[in-house]
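Each remark here refers to the structure printed beneath this line.
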Amino acid sequence: MSKFEELGDDHWMSNQETPINDKAILLSESEKITKIEHHFQKIMEIMGLDLHDASLKGTPNRVAKMYINEFFSGLDSKNLPKMSLFPNNYQYDGMLVEKDIEVYSTCEHHFVPIIGKAHVAYVAGDNIIGLSKINRIVQFYSKRPQVQERLTIQILNKLKEVLKTENVACIIEAKHLCVNMRGVRDTKSATITAKYSGDFNNDSFKQEFLSHVSLESNFDI
């Protein structure tokens with residue numbers, strides 16, 4: 001039995017870094033779109049769809065452009081947002097929390113959506129980061145085939161790198177449509193992942209963060 005057959009529907013992550021084929025980096029965006037369009041057309045034909053139909057004939061191209069320009073744009077490093085740090089001139093030394101950041105990602109096991117929200121915090125040091133940049137970091141790593149645990153780690157590690165501090169925390173709560181739509185078909189459950197670094201491993205910091213976030217998992221999708 002192959003490793004893939006053994007895994008079945010189990011939730012599994014092989015690496016903290018997204019597994020990327022270096023050869024694909026050599027292709028331009030237009031080349032990727034052309035290749036995906038060709039192969040997605042074949043998939044549709046195998047399923048029995050008539051691509052001569054006016055409604056369907058443009059679908060392979062639409063899907064290809066959506067994959068490259070939107071859903072999986074985080075696979076291209078050039079789309080990583082430029083980070084702007086500002087001196088902490090007002091000497092704010094408290095916790096900064098950005099909560100309820102929208103997360104739209106894609107399960108790498110079944111290629112169906114992961115929909116939820118991220119809560120991110122850091123303790124300000126000599127520098128602070130523009131608030132929108134936190135959202136953009138979350139969006140960049142979300143726009144990849146993902147596992148929620150990896151997504152949480154990647155967001156936290158990038159913020160640590162940019163802010164040059166260990167004092168960062170990230171929580172993601174999300175619904176996985178591979179659970180909601182197929183398999184067990186449980187539409188009520190949600191998944192929460194949390195990663196704490198530096199001072200956030202201290203109970204008092206952690207509790208303050210959680211009190212600001214006030215986790216509620218009954219959000220609609």
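Every chain in the structure tokens takes a letter, A first, then B, and so on in the order presented; its residues are numbered from 1, and the ligands are numbered from 1 following the presented order.
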Each residue of stretch 33-90 of chain A lying at most 12 Å from stretch 98-114 of chain A should get a row with its shortest atom-to-atom pair and the distance in Å to one decimal, counting only C-alpha atoms; could you produce that, ordered by chain and increasing number, as a tab-separated table?
```
residue	atom	partner	partner_atom	distance
A:Tyr67	CA	A:Thr106	CA	10.6
A:Glu70	CA	A:Ser105	CA	10.4
A:Phe71	CA	A:Ser105	CA	7.4
A:Phe72	CA	A:Thr106	CA	8.5
A:Ser73	CA	A:Ser105	CA	11.0
A:Gly74	CA	A:Ser105	CA	10.2
```
>> What parts of stretch 18-218 of chain A does DSSP call alpha helix (DSSP H)? I'd like the answer as JSON, numbers by chain.
In response: {"A": [29, 30, 31, 32, 33, 34, 35, 36, 37, 38, 39, 40, 41, 42, 43, 44, 45, 46, 59, 60, 61, 62, 63, 64, 65, 66, 131, 132, 133, 134, 135, 136, 137, 138, 139, 140, 141, 142, 148, 149, 150, 151, 152, 153, 154, 155, 156, 157, 158, 159, 160, 161, 162, 163, 177, 178, 179, 180, 203, 204, 205, 206, 207, 208, 209, 210, 211, 212, 213]}
>> If we count only C-alpha atoms and set the cut-off at 7 Å, which residues sit around A:Glu166, ignoring sequence neighbours fewer than 5 positions away in its own chain? Please answer as a ChimeraX atom specification.
In response: /A:160,197-198
> Can you list every residue in chain A that DSSP puts in strand (DSSP E or B), as a VMD selection string?
Replying inline: chain A and resid 85 to 87 95 to 107 113 to 123 127 to 129 145 to 146 168 to 176 191 to 196
